[in-house]
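Student: Got target-v3.txt for you, compact mmCIF, C-alpha atoms and all ligand atoms:
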```
# COMPACT_ATOMS: atom_id res chain seq x y z
CA MET A 19 118.14 2.66 128.61
CA ARG A 20 119.59 6.12 129.02
CA ALA A 21 122.83 7.97 128.37
CA CYS A 22 123.63 11.33 129.95
CA LEU A 23 126.37 13.58 128.55
CA ARG A 24 127.66 17.06 129.04
CA SER A 25 128.65 18.87 125.88
CA THR A 26 130.98 21.80 126.25
CA SER A 27 131.27 22.77 122.60
CA VAL A 28 129.58 22.70 119.24
CA GLU A 29 132.27 20.22 118.13
CA TYR A 30 131.39 17.81 120.94
CA THR A 31 127.71 18.01 120.02
CA ARG A 32 128.49 17.27 116.38
CA GLU A 33 130.70 14.33 117.38
CA LEU A 34 127.86 12.97 119.50
CA GLY A 35 125.62 13.31 116.43
CA ARG A 36 128.20 11.45 114.37
CA VAL A 37 128.09 8.52 116.78
CA MET A 38 124.30 8.46 116.64
CA GLY A 39 124.31 8.67 112.84
CA ALA A 40 126.83 5.86 112.56
CA SER A 41 124.66 3.61 114.74
CA ALA A 42 121.33 4.51 113.13
CA LYS A 43 119.30 1.73 111.54
CA PRO A 44 116.58 1.88 108.88
CA GLY A 45 113.32 3.06 110.39
CA ASP A 46 114.89 4.77 113.40
CA VAL A 47 113.12 7.83 114.73
CA PHE A 48 115.08 10.34 116.80
CA LEU A 49 112.94 12.83 118.72
CA LEU A 50 114.87 15.97 119.63
CA CYS A 51 113.51 18.18 122.38
CA GLY A 52 115.01 21.31 123.91
CA GLY A 53 114.35 25.02 123.71
CA LEU A 54 115.34 27.53 121.03
CA GLY A 55 119.07 27.36 120.33
CA ALA A 56 119.52 24.21 122.43
CA GLY A 57 121.54 22.52 119.69
CA LYS A 58 119.02 20.28 117.90
CA THR A 59 120.14 21.35 114.44
CA MET A 60 123.82 21.11 115.48
CA LEU A 61 123.25 17.54 116.60
CA THR A 62 121.42 16.78 113.36
CA GLN A 63 124.44 18.07 111.47
CA GLY A 64 126.60 15.50 113.22
CA ILE A 65 124.05 12.76 112.57
CA LEU A 66 124.17 13.53 108.83
CA TRP A 67 127.96 13.40 108.84
CA GLY A 68 127.89 10.15 110.81
CA LEU A 69 125.81 8.68 107.99
CA GLY A 70 128.39 9.69 105.41
CA SER A 71 126.65 12.80 104.12
CA GLU A 72 128.68 15.92 103.42
CA GLU A 73 125.64 18.16 103.40
CA PHE A 74 125.06 21.01 105.78
CA ALA A 75 121.91 20.66 107.82
CA ARG A 76 119.68 23.61 107.19
CA SER A 77 116.96 24.32 109.63
CA PRO A 78 113.74 22.92 108.16
CA THR A 79 111.53 25.25 110.21
CA PHE A 80 109.84 26.69 107.15
CA VAL A 81 109.80 23.66 104.87
CA LEU A 82 108.98 21.14 107.58
CA VAL A 83 110.89 18.23 106.04
CA ASN A 84 114.39 18.27 104.56
CA GLU A 85 115.46 15.07 102.88
CA TYR A 86 119.13 14.03 102.72
CA HIS A 87 120.54 11.00 100.98
CA ALA A 88 123.34 9.24 102.78
CA ARG A 89 123.81 5.67 104.10
CA LEU A 90 120.16 6.06 105.06
CA THR A 91 117.71 8.58 103.73
CA VAL A 92 117.38 11.19 106.45
CA TYR A 93 114.12 13.05 106.97
CA HIS A 94 114.91 16.10 109.05
CA MET A 95 111.74 17.69 110.37
CA ASP A 96 110.91 20.63 112.57
CA LEU A 97 107.51 20.81 114.20
CA TYR A 98 108.07 24.23 115.78
CA ARG A 99 105.35 25.91 113.78
CA LEU A 100 102.81 23.18 114.34
CA ASP A 101 99.82 24.28 116.32
CA SER A 102 97.00 21.82 115.90
CA PHE A 103 96.43 18.10 115.72
CA ASP A 104 94.78 18.48 112.33
CA ASP A 105 97.90 20.20 110.96
CA LEU A 106 100.00 17.37 112.30
CA ASP A 107 97.67 14.66 111.03
CA GLY A 108 97.41 16.22 107.59
CA LEU A 109 101.15 15.99 106.98
CA GLY A 110 101.25 12.30 106.21
CA LEU A 111 104.22 11.75 108.50
CA ASP A 112 103.46 8.01 108.56
CA ASP A 113 105.15 7.65 105.18
CA TYR A 114 108.37 8.81 106.86
CA LEU A 115 107.88 7.48 110.39
CA PHE A 116 107.22 3.96 109.21
CA GLY A 117 109.53 4.04 106.20
CA ASP A 118 113.08 2.74 105.83
CA GLY A 119 114.90 6.00 106.44
CA LEU A 120 115.95 7.84 109.57
CA CYS A 121 113.62 10.51 110.95
CA VAL A 122 115.22 13.28 112.99
CA ILE A 123 112.50 15.46 114.42
CA GLU A 124 113.09 18.81 116.13
CA TRP A 125 110.45 20.03 118.56
CA ALA A 126 109.01 16.51 118.70
CA ASP A 127 107.44 17.37 122.07
CA LYS A 128 104.88 19.37 120.08
CA ALA A 129 103.41 16.06 118.93
CA GLU A 130 104.05 13.89 121.94
CA GLY A 131 102.58 10.43 121.57
CA TYR A 132 102.31 10.59 117.79
CA PHE A 133 105.48 8.60 117.11
CA PRO A 134 106.38 4.91 116.91
CA THR A 135 106.91 3.64 120.42
CA ASP A 136 110.44 2.37 119.69
CA HIS A 137 111.80 5.88 119.05
CA VAL A 138 114.92 7.41 120.58
CA ASP A 139 114.40 10.44 122.84
CA VAL A 140 117.05 13.15 122.88
CA SER A 141 116.48 15.97 125.31
CA ILE A 142 118.86 18.90 125.42
CA SER A 143 119.09 21.57 128.06
CA ALA A 144 121.35 24.58 127.95
CA VAL A 145 123.22 25.21 131.17
CA SER A 146 125.39 28.06 129.88
CA ASP A 147 126.31 29.73 126.59
CA THR A 148 128.50 26.81 125.62
CA GLU A 149 127.35 23.96 127.82
CA ARG A 150 124.53 21.51 127.04
CA ILE A 151 123.27 18.48 128.91
CA PHE A 152 122.16 15.70 126.59
CA SER A 153 119.95 12.83 127.63
CA VAL A 154 119.62 10.07 125.04
CA SER A 155 117.19 7.30 125.87
CA SER A 156 114.86 4.67 124.45
CA SER A 157 112.44 2.22 125.96
CA ALA A 158 112.98 -0.21 123.07
CA ASP A 159 115.50 -3.04 123.46
CA GLU A 160 116.35 -2.79 119.76
CA ARG A 161 117.83 0.67 120.40
CA SER A 162 120.13 -0.38 123.23
CA GLN A 163 123.10 -0.72 120.88
CA LEU A 164 122.75 2.91 119.86
CA ILE A 165 122.41 4.09 123.45
CA GLN A 166 125.44 1.98 124.39
CA ALA A 167 127.45 3.66 121.63
CA VAL A 168 126.48 7.03 123.11
CA VAL A 169 127.45 5.88 126.61
CA ASP A 170 130.84 4.70 125.28
CA PHE A 171 131.35 8.01 123.52
CA GLY A 172 130.62 9.87 126.78
CA ARG A 173 133.09 7.70 128.73
CA LEU A 174 135.83 8.14 126.16
CA HIS A 175 135.58 11.90 126.34
CA ALA A 176 135.22 12.00 130.12
CA ASP A 177 138.57 10.14 130.24
CA GLU A 178 140.12 12.63 127.85
CA HIS A 179 139.16 15.53 130.09
CA ARG A 180 140.63 13.94 133.17
CA MET B 2 93.06 19.03 85.77
CA ASN B 3 96.03 18.45 83.61
CA PRO B 4 95.05 19.52 80.09
CA GLU B 5 97.56 17.06 78.67
CA ILE B 6 95.09 14.23 79.14
CA GLU B 7 92.81 15.91 76.65
CA CYS B 8 95.31 16.85 73.94
CA SER B 9 97.46 13.77 73.79
CA SER B 10 94.55 11.36 73.90
CA ARG B 11 92.74 13.25 71.13
CA GLN B 12 95.83 13.25 69.00
CA SER B 13 96.29 9.55 69.43
CA ILE B 14 92.77 8.59 68.37
CA PRO B 15 92.34 8.12 64.63
CA ARG B 16 89.22 9.61 63.07
CA VAL B 17 87.64 6.28 62.23
CA LEU B 18 87.43 5.38 65.88
CA TYR B 19 85.62 8.58 66.66
CA ILE B 20 82.80 7.30 64.53
CA ARG B 21 82.94 3.79 65.89
CA ARG B 22 82.60 5.00 69.43
CA ILE B 23 79.13 6.38 68.84
CA ARG B 24 77.97 2.93 67.72
CA ALA B 25 75.25 1.52 69.96
CA ASN B 26 75.31 -1.77 71.76
CA ARG B 27 73.40 -4.21 69.54
CA GLU B 28 71.14 -5.72 72.17
CA GLY B 29 69.87 -2.79 74.15
CA PHE B 30 70.94 0.14 72.02
CA ALA B 31 72.59 1.34 75.18
CA LYS B 32 75.98 2.96 74.79
CA ILE B 33 78.82 0.75 75.96
CA LYS B 34 80.15 2.30 79.12
CA VAL B 35 83.82 3.12 79.59
CA GLU B 36 85.51 3.30 83.00
CA LEU B 37 88.94 4.48 84.09
CA GLN B 38 90.71 2.69 86.97
CA ILE B 39 93.32 4.37 89.18
CA ASP B 40 95.17 2.64 92.02
CA THR B 41 98.13 4.38 93.65
CA SER B 42 97.67 2.81 97.08
CA THR B 43 101.22 1.53 97.37
CA ARG B 44 104.40 1.69 95.34
CA TYR B 45 102.78 -0.80 92.98
CA ALA B 46 100.45 1.44 91.03
CA SER B 47 98.12 0.65 88.18
CA VAL B 48 95.70 2.30 85.83
CA GLY B 49 93.27 0.68 83.45
CA ILE B 50 90.43 1.18 81.03
CA SER B 51 87.43 -1.08 81.11
CA SER B 52 84.16 -1.39 79.33
CA ASP B 53 81.09 -2.34 81.35
CA GLY B 54 83.39 -3.58 84.10
CA ALA B 55 85.53 -5.78 81.86
CA SER B 56 89.15 -4.73 81.50
CA ILE B 57 90.40 -3.56 78.09
CA VAL B 58 93.84 -2.28 79.06
CA GLU B 59 95.81 -2.26 82.26
CA ILE B 60 99.17 -0.70 82.95
CA GLY B 61 101.06 -1.37 86.15
CA TRP B 62 104.37 -0.07 87.40
CA ARG B 63 106.50 0.11 90.51
CA SER B 64 106.89 3.61 91.74
CA GLU B 65 109.25 4.95 94.33
CA ARG B 66 107.15 7.78 95.71
CA ASN B 67 106.89 9.27 92.23
CA HIS B 68 103.24 8.60 91.58
CA SER B 69 102.60 12.25 90.85
CA MET B 70 105.08 12.24 87.96
CA GLU B 71 104.04 8.86 86.59
CA LEU B 72 100.29 8.77 86.94
CA VAL B 73 99.08 11.14 84.22
CA PRO B 74 101.48 9.76 81.55
CA ALA B 75 100.32 6.25 82.45
CA ILE B 76 96.67 7.27 82.11
CA ASN B 77 97.43 8.79 78.72
CA ARG B 78 99.19 5.61 77.62
CA ALA B 79 96.23 3.51 78.73
CA PHE B 80 93.84 5.74 76.79
CA ALA B 81 96.02 5.52 73.69
CA GLN B 82 96.28 1.76 73.90
CA ALA B 83 92.54 1.38 74.47
CA ARG B 84 91.91 3.81 71.61
CA ARG B 85 89.75 5.90 73.82
CA GLY B 86 90.00 9.36 75.31
CA VAL B 87 88.98 11.11 78.48
CA GLU B 88 85.85 12.37 76.69
CA ASP B 89 84.68 8.76 76.36
CA LEU B 90 84.66 8.12 80.10
CA ASP B 91 81.44 7.33 81.87
CA SER B 92 82.94 6.85 85.33
CA VAL B 93 86.18 6.86 87.30
CA LEU B 94 86.97 4.00 89.69
CA VAL B 95 89.62 4.67 92.31
CA ALA B 96 91.32 2.61 95.02
CA SER B 97 90.68 4.39 98.31
CA GLY B 98 93.19 2.76 100.64
CA PRO B 99 94.53 1.91 103.07
CA GLY B 100 98.04 2.46 101.76
CA GLY B 101 100.74 5.11 101.58
CA PHE B 102 99.57 8.52 102.74
CA SER B 103 100.98 10.59 99.88
CA ALA B 104 100.66 7.79 97.34
CA LEU B 105 96.92 7.44 97.89
CA ARG B 106 96.39 11.16 97.67
CA VAL B 107 97.92 11.37 94.21
CA GLY B 108 95.49 8.83 92.75
CA MET B 109 92.52 10.13 94.68
CA SER B 110 93.01 13.76 93.70
CA THR B 111 93.52 12.88 90.04
CA ALA B 112 90.40 10.70 90.06
CA LYS B 113 88.40 13.44 91.78
CA ALA B 114 89.61 16.02 89.26
CA ILE B 115 88.68 13.91 86.25
CA ALA B 116 85.28 12.93 87.67
CA SER B 117 84.32 16.46 88.61
CA THR B 118 85.53 18.20 85.44
CA ARG B 119 83.79 15.60 83.26
CA SER B 120 80.74 15.49 85.59
CA ILE B 121 80.82 11.70 85.69
CA PRO B 122 80.42 9.39 88.70
CA LEU B 123 83.37 8.57 90.96
CA VAL B 124 83.47 5.19 92.69
CA ALA B 125 85.87 4.46 95.56
CA VAL B 126 86.85 0.84 96.22
CA GLY B 127 88.86 -0.30 99.24
CA THR B 128 92.41 -1.36 98.38
CA LEU B 129 92.17 -4.54 100.48
CA ASP B 130 88.95 -5.42 98.62
CA LEU B 131 91.04 -5.42 95.44
CA GLU B 132 93.52 -7.87 96.95
CA ILE B 133 90.70 -10.15 98.07
CA GLU B 134 88.67 -10.01 94.85
CA PRO B 135 90.46 -12.85 92.98
CA PHE B 136 89.81 -15.23 95.89
CA GLU B 137 86.16 -14.45 96.44
CA GLY B 138 83.83 -17.33 95.79
CA MET B 139 86.25 -19.93 97.13
CA GLY B 140 84.05 -20.50 100.14
CA ALA B 141 86.74 -19.62 102.65
CA ARG B 142 87.74 -16.67 104.76
CA VAL B 143 90.19 -14.51 102.84
CA CYS B 144 92.75 -12.30 104.58
CA ALA B 145 94.70 -9.70 102.59
CA LEU B 146 97.91 -8.09 103.79
CA ILE B 147 99.52 -4.81 102.78
CA SER B 148 102.58 -3.42 104.53
CA ALA B 149 101.98 -0.32 106.62
CA GLY B 150 105.70 0.22 107.08
CA ARG B 151 108.04 -1.20 109.65
CA ASN B 152 106.41 -4.03 111.63
CA ARG B 153 102.88 -2.96 110.75
CA LEU B 154 100.26 -4.39 108.42
CA TYR B 155 96.98 -3.32 106.95
CA VAL B 156 94.83 -6.39 107.32
CA GLY B 157 91.59 -6.98 105.42
CA VAL B 158 89.38 -9.94 106.27
CA LYS B 159 86.33 -11.18 104.41
CA ASP B 160 84.25 -14.23 105.32
CA PRO B 161 82.14 -15.89 102.62
CA ALA B 162 78.97 -14.45 104.13
CA ASP B 163 80.35 -10.90 104.51
CA THR B 164 79.43 -8.11 102.16
CA VAL B 165 82.22 -5.81 103.28
CA VAL B 166 85.90 -6.29 104.10
CA LYS B 167 86.86 -5.68 107.73
CA VAL B 168 89.94 -3.46 107.73
CA ASP B 169 92.47 -3.09 110.53
CA LEU B 170 95.96 -1.78 111.26
CA GLN B 171 98.01 -4.33 113.22
CA GLN B 172 101.51 -4.93 114.47
CA THR B 173 103.01 -7.77 112.43
CA ALA B 174 103.69 -9.77 115.61
CA GLU B 175 100.09 -9.36 116.72
CA PHE B 176 98.87 -10.52 113.30
CA LEU B 177 101.16 -13.57 113.29
CA GLY B 178 99.82 -14.54 116.70
CA GLY B 179 96.30 -14.87 115.30
CA LEU B 180 96.80 -16.98 112.18
CA SER B 181 94.13 -19.48 111.27
CA PRO B 182 94.42 -22.64 109.14
CA SER B 183 91.07 -22.24 107.34
CA THR B 184 91.97 -18.82 105.94
CA ILE B 185 93.41 -17.98 102.53
CA TYR B 186 96.16 -15.36 102.89
CA CYS B 187 96.93 -13.00 100.05
CA GLY B 188 98.00 -9.46 99.26
CA GLU B 189 101.11 -7.51 98.47
CA ALA B 190 102.79 -8.28 101.81
CA ALA B 191 101.93 -12.00 101.87
CA PRO B 192 105.12 -13.24 100.12
CA ASP B 193 107.30 -11.42 102.66
CA LEU B 194 105.55 -13.16 105.54
CA ALA B 195 105.21 -16.56 103.87
CA ALA B 196 108.09 -18.26 105.69
CA GLU B 197 106.85 -17.09 109.08
CA MET B 198 103.22 -18.00 108.38
CA SER B 199 104.13 -21.37 106.94
CA ALA B 200 106.30 -22.19 109.95
CA ARG B 201 103.40 -21.46 112.25
CA LEU B 202 100.61 -23.12 110.27
CA GLY B 203 102.54 -26.05 108.85
CA GLY B 204 100.71 -28.10 106.22
CA SER B 205 97.46 -26.19 106.55
CA PHE B 206 98.94 -22.89 105.35
CA ARG B 207 96.97 -21.61 102.36
CA ALA B 208 98.03 -18.51 100.52
CA SER B 209 98.60 -16.75 97.25
CA LEU B 210 102.28 -15.90 97.18
CA SER B 211 102.85 -14.55 93.69
CA ALA B 212 105.31 -11.68 93.63
CA PRO B 213 103.78 -8.20 93.62
CA PRO B 214 102.00 -6.48 91.97
CA SER B 215 99.13 -8.44 93.44
CA ARG B 216 96.36 -5.92 92.74
CA ARG B 217 94.98 -5.74 89.25
CA ALA B 218 93.18 -2.87 87.58
CA SER B 219 90.80 -5.56 86.30
CA ALA B 220 89.73 -6.24 89.90
CA LEU B 221 89.09 -2.54 90.39
CA ALA B 222 87.11 -2.53 87.14
CA ARG B 223 84.94 -5.40 88.28
CA LEU B 224 84.32 -4.26 91.86
CA GLY B 225 83.97 -0.61 90.91
CA TYR B 226 81.50 -1.35 88.16
CA ARG B 227 79.46 -3.47 90.55
CA LYS B 228 79.32 -0.55 93.03
CA LEU B 229 78.48 1.86 90.24
CA GLN B 230 75.52 -0.25 89.21
CA ALA B 231 74.39 -0.43 92.82
CA GLY B 232 74.49 3.38 92.92
CA GLU B 233 77.32 3.42 95.47
CA THR B 234 79.16 6.43 94.12
CA ALA B 235 81.36 8.84 96.03
CA ASP B 236 81.10 12.62 96.17
CA PRO B 237 84.24 14.02 94.47
CA ALA B 238 84.01 17.10 96.66
CA THR B 239 84.27 15.24 99.95
CA VAL B 240 85.69 11.74 99.42
CA GLU B 241 88.97 11.08 101.25
CA PRO B 242 91.40 8.16 101.18
CA LEU B 243 90.95 5.66 103.99
CA TYR B 244 93.47 6.53 106.67
CA LEU B 245 93.90 4.11 109.56
CA ARG B 246 95.53 5.53 112.63
CA SER B 247 97.49 3.47 115.07
CA SER B 248 96.21 3.47 118.61
CA GLN B 249 99.02 5.68 119.89
CA VAL B 250 98.03 8.36 117.39
CA SER B 251 94.49 8.36 118.76
CA ALA B 252 96.02 8.82 122.18
CA ALA B 253 98.07 11.75 120.87
CA ALA B 254 94.90 13.23 119.39
CA ARG B 255 93.17 13.02 122.75
CA ARG B 256 96.11 14.81 124.31
CA TRP B 257 95.55 17.62 121.82
CA GLY B 258 91.93 17.62 122.89
CA VAL B 259 90.70 16.29 119.56
CA ARG B 260 87.79 13.89 119.69
CA GLN B 261 87.92 11.10 117.10
N1 LIG A 301 127.74 22.67 123.37
C1 LIG A 301 126.99 23.16 122.37
N2 LIG A 301 126.30 22.32 121.55
C2 LIG A 301 125.52 22.79 120.57
N3 LIG A 301 125.34 24.09 120.31
C3 LIG A 301 125.99 24.99 121.07
C4 LIG A 301 126.83 24.55 122.13
N4 LIG A 301 127.33 25.64 122.74
C5 LIG A 301 126.83 26.69 122.06
N5 LIG A 301 126.03 26.33 121.08
C6 LIG A 301 125.30 27.23 120.18
O1 LIG A 301 123.91 26.99 120.33
C7 LIG A 301 123.25 27.16 119.09
C8 LIG A 301 122.50 25.91 118.73
O2 LIG A 301 121.78 26.17 117.55
P1 LIG A 301 120.83 25.12 116.87
O3 LIG A 301 120.38 25.73 115.60
O4 LIG A 301 121.49 23.80 116.80
O5 LIG A 301 119.65 25.07 117.91
P2 LIG A 301 118.23 24.38 117.76
O6 LIG A 301 118.02 23.57 118.98
O7 LIG A 301 118.15 23.69 116.48
O8 LIG A 301 117.27 25.63 117.79
P3 LIG A 301 115.85 25.86 117.11
O9 LIG A 301 114.84 25.47 118.13
O10 LIG A 301 115.83 27.32 116.85
O11 LIG A 301 115.78 25.04 115.87
C9 LIG A 301 124.30 27.52 118.07
O12 LIG A 301 124.36 28.89 117.92
C10 LIG A 301 125.60 27.00 118.72
O13 LIG A 301 126.73 27.75 118.32
MG MG A 302 116.86 23.87 114.74
```
What would you get if you wrote out this structure as structure tokens?
Ligand SMILES: Nc1ncnc2c1ncn2[C@@H]1O[C@H](COP(=O)(O)OP(=O)(O)OP(=O)(O)O)[C@@H](O)[C@H]1O
Ligand SMILES: [Mg+2]

Tutor:
Amino acid sequence: MRACLRSTSVEYTRELGRVMGASAKPGDVFLLCGGLGAGKTMLTQGILWGLGSEEFARSPTFVLVNEYHARLTVYHMDLYRLDSFDDLDGLGLDDYLFGDGLCVIEWADKAEGYFPTDHVDVSISAVSDTERIFSVSSSADERSQLIQAVVDFGRLHADEHR
Amino acid sequence: MNPEIECSSRQSIPRVLYIRRIRANREGFAKIKVELQIDTSTRYASVGISSDGASIVEIGWRSERNHSMELVPAINRAFAQARRGVEDLDSVLVASGPGGFSALRVGMSTAKAIASTRSIPLVAVGTLDLEIEPFEGMGARVCALISAGRNRLYVGVKDPADTVVKVDLQQTAEFLGGLSPSTIYCGEAAPDLAAEMSARLGGSFRASLSAPPSRRASALARLGYRKLQAGETADPATVEPLYLRSSQVSAAARRWGVRQ
């Protein structure tokens, strides 16, 4: 199942994150892909807020995993600096990926295939300075509720703009 | 190594016992051997002190990813209670997995550090072997289960004729599809799956369903001592916890061009 949305502002992206955070279940894994400055950390900010956290998402590029405690424990990771399978495999990500928290992983495409198969894919592409196209999808039936919530969010806002 | 092990255990041993420890075993005049057990495979961790493979003290606790903070104090407590110190150790016996990635590494690195600084043997025993140990000798196939996180299980199987435990990482659904009535099921994850297994196997369901912790330091003492006597020691410089990868990870590795 797939949802496609056009974000025209940072606020919209955060709201989208909020919806995803509110629908997240223990053990969910969100894989965020998109180039530098696409909005992965912005979306993560919204996800944190959607889970009831009041924290500000800091980019975990240099620490690799930031942990936040909200309705679920959120493991915010950034694989940007990863450059070998051994590095990846030595991190012990399984503890997080198969735990009871929510994993939000920036630059997940760096480790394609490493993740649980029932993950949620989020790909972001920048079309202008302020515009982003989001595609949120999952091949797992158990994630259809979350994707549906994203679809509903998109519809609601499309109506507003009309 | 943490120097605290040395100081606090020395302080806690009265002088008299220092003298008693040098006492020889009556029969063979061989010194009674002392082993330390460390198992941090899962959130249920344990340490123990044994003598010639028989447990003297065991301490178990439930940890929430805090093994690194809890392990050394627990070892010191076990030493104090057993009235022994790190200088008395003749070997270190450690559970080698499978289990939690970080959890296992805490126990393994502490065991390696103690064994190498004291220049005593290190013995690694599979974590699923420890779950199976109490049920060995029952003449049946034993299958031990440890959770590998969401919908996944570490599965260890041992037939009466086997000398080693066959270890596998399975999806829970896949495991439940292959249940067998002549098997004894046990292990930390067995109680959680009891209802499902019982529904599928009916009256022929056989299991140990006591609440965790299901692994005992005494089992590690017994199995580890047996391996020690057989000369099956591990090299502290190279031994690693057992890490089972799921099939999709192997596929990812291939994509990176890594051969496994
Ligand atoms: N519609 C939008 N949604 C999200 N961000 C937007 C949008 N329009 C503009 N931006 C800007 O894009 C940038 C997104 O930054 P962010 O840190 O979220 O990117 P990122 O994908 O995490 O990058 P990196 O790969 O460096 O971690 C911010 O500067 C933000 O102001
Ligand atoms: Mg970022």

Student: Using all atoms listed in the file, list the residues that have an atom at most 12 Å from (128.8, 9.3, 105.5), coordinates as in the file, as a PyMOL selection string.

Tutor: chain A and resi 36-37+39-42+63-73+86-92

Student: May I have the residues from that selection written out with C-alpha atoms, as a short mmCIF file (atom, residue, chain, number, x, y, z; two decimals), in the frame of the given file?

Tutor:
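out23.cif, freshly written:
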```
data_model
loop_
_atom_site.label_atom_id
_atom_site.label_comp_id
_atom_site.auth_asym_id
_atom_site.auth_seq_id
_atom_site.Cartn_x
_atom_site.Cartn_y
_atom_site.Cartn_z
CA ARG A 36 128.20 11.45 114.37
CA VAL A 37 128.09 8.52 116.78
CA GLY A 39 124.31 8.67 112.84
CA ALA A 40 126.83 5.86 112.56
CA SER A 41 124.66 3.61 114.74
CA ALA A 42 121.33 4.51 113.13
CA GLN A 63 124.44 18.07 111.47
CA GLY A 64 126.60 15.50 113.22
CA ILE A 65 124.05 12.76 112.57
CA LEU A 66 124.17 13.53 108.83
CA TRP A 67 127.96 13.40 108.84
CA GLY A 68 127.89 10.15 110.81
CA LEU A 69 125.81 8.68 107.99
CA GLY A 70 128.39 9.69 105.41
CA SER A 71 126.65 12.80 104.12
CA GLU A 72 128.68 15.92 103.42
CA GLU A 73 125.64 18.16 103.40
CA TYR A 86 119.13 14.03 102.72
CA HIS A 87 120.54 11.00 100.98
CA ALA A 88 123.34 9.24 102.78
CA ARG A 89 123.81 5.67 104.10
CA LEU A 90 120.16 6.06 105.06
CA THR A 91 117.71 8.58 103.73
CA VAL A 92 117.38 11.19 106.45
#
```

Student: Residues of chain B within 6 Å of chain A, counting all atoms listed in the file, what are they? List them as a list of chain:residue names.

Tutor: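 Filtering chain B at 6 Å from chain A with all atoms listed in the file gives B:Phe102, B:Gly150, B:Arg151, B:Val250, B:Ala253.
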
Student: Counting all atoms listed in the file, give me one row per residue of chain A with an atom at most 9 Å from an atom of ligand MG 302 (chain A), showing the shortest contact pair and its distance in Å to one decimal, sorted by chain then residue number, as a tab-separated table.

Tutor:
```
residue	atom	partner	partner_atom	distance
A:Leu54	CA	A:MG302	MG	7.4
A:Gly55	CA	A:MG302	MG	7.0
A:Ala56	CA	A:MG302	MG	8.1
A:Gly57	CA	A:MG302	MG	6.9
A:Lys58	CA	A:MG302	MG	5.2
A:Thr59	CA	A:MG302	MG	4.1
A:Met60	CA	A:MG302	MG	7.5
A:Thr62	CA	A:MG302	MG	8.5
A:Arg76	CA	A:MG302	MG	8.1
A:Ser77	CA	A:MG302	MG	5.1
A:Pro78	CA	A:MG302	MG	7.3
A:Thr79	CA	A:MG302	MG	7.1
A:Asp96	CA	A:MG302	MG	7.1
A:Tyr98	CA	A:MG302	MG	8.9
A:Glu124	CA	A:MG302	MG	6.5
A:Trp125	CA	A:MG302	MG	8.4
```

Student: Record the distance separating CA of Gly101 in chain B and CA of Ser148 in chain B, expressed in Å with one decimal.

Tutor: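 Answer for the CA of Gly101 in chain B to CA of Ser148 in chain B separation: 9.2 Å.
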
Student: Would you list the residues near (96.5, -1.9, 108.7) (no more than 6 Å away, in the coordinates of the file, using all atoms listed in the file) as a list in words?

Tutor: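 Final list of nearby residues, as requested, is Leu154, Tyr155, Val156, Asp169, Leu170 and Gln171 of chain B.
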
Student: Calculated over only C-alpha atoms, which of the candidates B:Leu72, B:Ala112, B:Ala231, B:Ile147 has the smallest distance to Ala96 in chain B?

Tutor: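 The shortest atom-to-atom distance to Ala96 in chain B comes from B:Ala112.
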
Student: What is the distance between CA of Tyr226 in chain B and CA of Tyr186 in chain B, in Å to one decimal?

Tutor: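 Computed distance, CA of Tyr226 in chain B to CA of Tyr186 in chain B, equals 25.1 Å.
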
Student: Would you work out the distance separating CA of Pro135 in chain B from CA of Arg217 in chain B, expressed in Å to one decimal?

Tutor: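 Those two atoms sit 9.2 Å apart.
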
Student: Using only the atoms of ligand LIG 301 (chain A) listed in the file, plus 6 Å on each side, state the axis-aligned box centre and edge lengths in Å rounded to one decimal, as lines of an AutoDock Vina configuration file.

Tutor:
```
center_x = 121.3
center_y = 25.6
center_z = 119.5
size_x = 24.9
size_y = 18.6
size_z = 19.8
```

Student: From the options A:Ala144, A:Val122, A:Ile151, A:Leu174, which residue's atoms come nearest to His94 in chain A, counting all atoms listed in the file?

Tutor: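 Going through A:Ala144, A:Val122, A:Ile151, A:Leu174 one by one, the smallest distance to His94 in chain A is for A:Val122.
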
Student: Kindly complete range 95-101 of chain B to N, CA and C atoms; the output should be written as a PDB file, keeping the file's coordinate frame.

Tutor:
```pdb
ATOM      1  N   VAL B  95      88.345   4.400  91.645  1.00  0.00           N
ATOM      2  CA  VAL B  95      89.620   4.670  92.310  1.00  0.00           C
ATOM      3  C   VAL B  95      89.788   3.819  93.568  1.00  0.00           C
ATOM      4  N   ALA B  96      91.020   3.356  93.797  1.00  0.00           N
ATOM      5  CA  ALA B  96      91.320   2.610  95.020  1.00  0.00           C
ATOM      6  C   ALA B  96      91.474   3.614  96.161  1.00  0.00           C
ATOM      7  N   SER B  97      90.773   3.362  97.269  1.00  0.00           N
ATOM      8  CA  SER B  97      90.680   4.390  98.310  1.00  0.00           C
ATOM      9  C   SER B  97      91.507   4.100  99.550  1.00  0.00           C
ATOM     10  N   GLY B  98      92.335   3.042  99.499  1.00  0.00           N
ATOM     11  CA  GLY B  98      93.190   2.760 100.640  1.00  0.00           C
ATOM     12  C   GLY B  98      92.636   1.624 101.481  1.00  0.00           C
ATOM     13  N   PRO B  99      93.348   1.230 102.537  1.00  0.00           N
ATOM     14  CA  PRO B  99      94.530   1.910 103.070  1.00  0.00           C
ATOM     15  C   PRO B  99      95.777   1.701 102.208  1.00  0.00           C
ATOM     16  N   GLY B 100      96.781   2.536 102.479  1.00  0.00           N
ATOM     17  CA  GLY B 100      98.040   2.460 101.760  1.00  0.00           C
ATOM     18  C   GLY B 100      98.921   3.626 102.154  1.00  0.00           C
ATOM     19  N   GLY B 101      99.845   3.995 101.287  1.00  0.00           N
ATOM     20  CA  GLY B 101     100.740   5.110 101.580  1.00  0.00           C
ATOM     21  C   GLY B 101      99.983   6.427 101.605  1.00  0.00           C
TER      22      GLY B 101
END
```
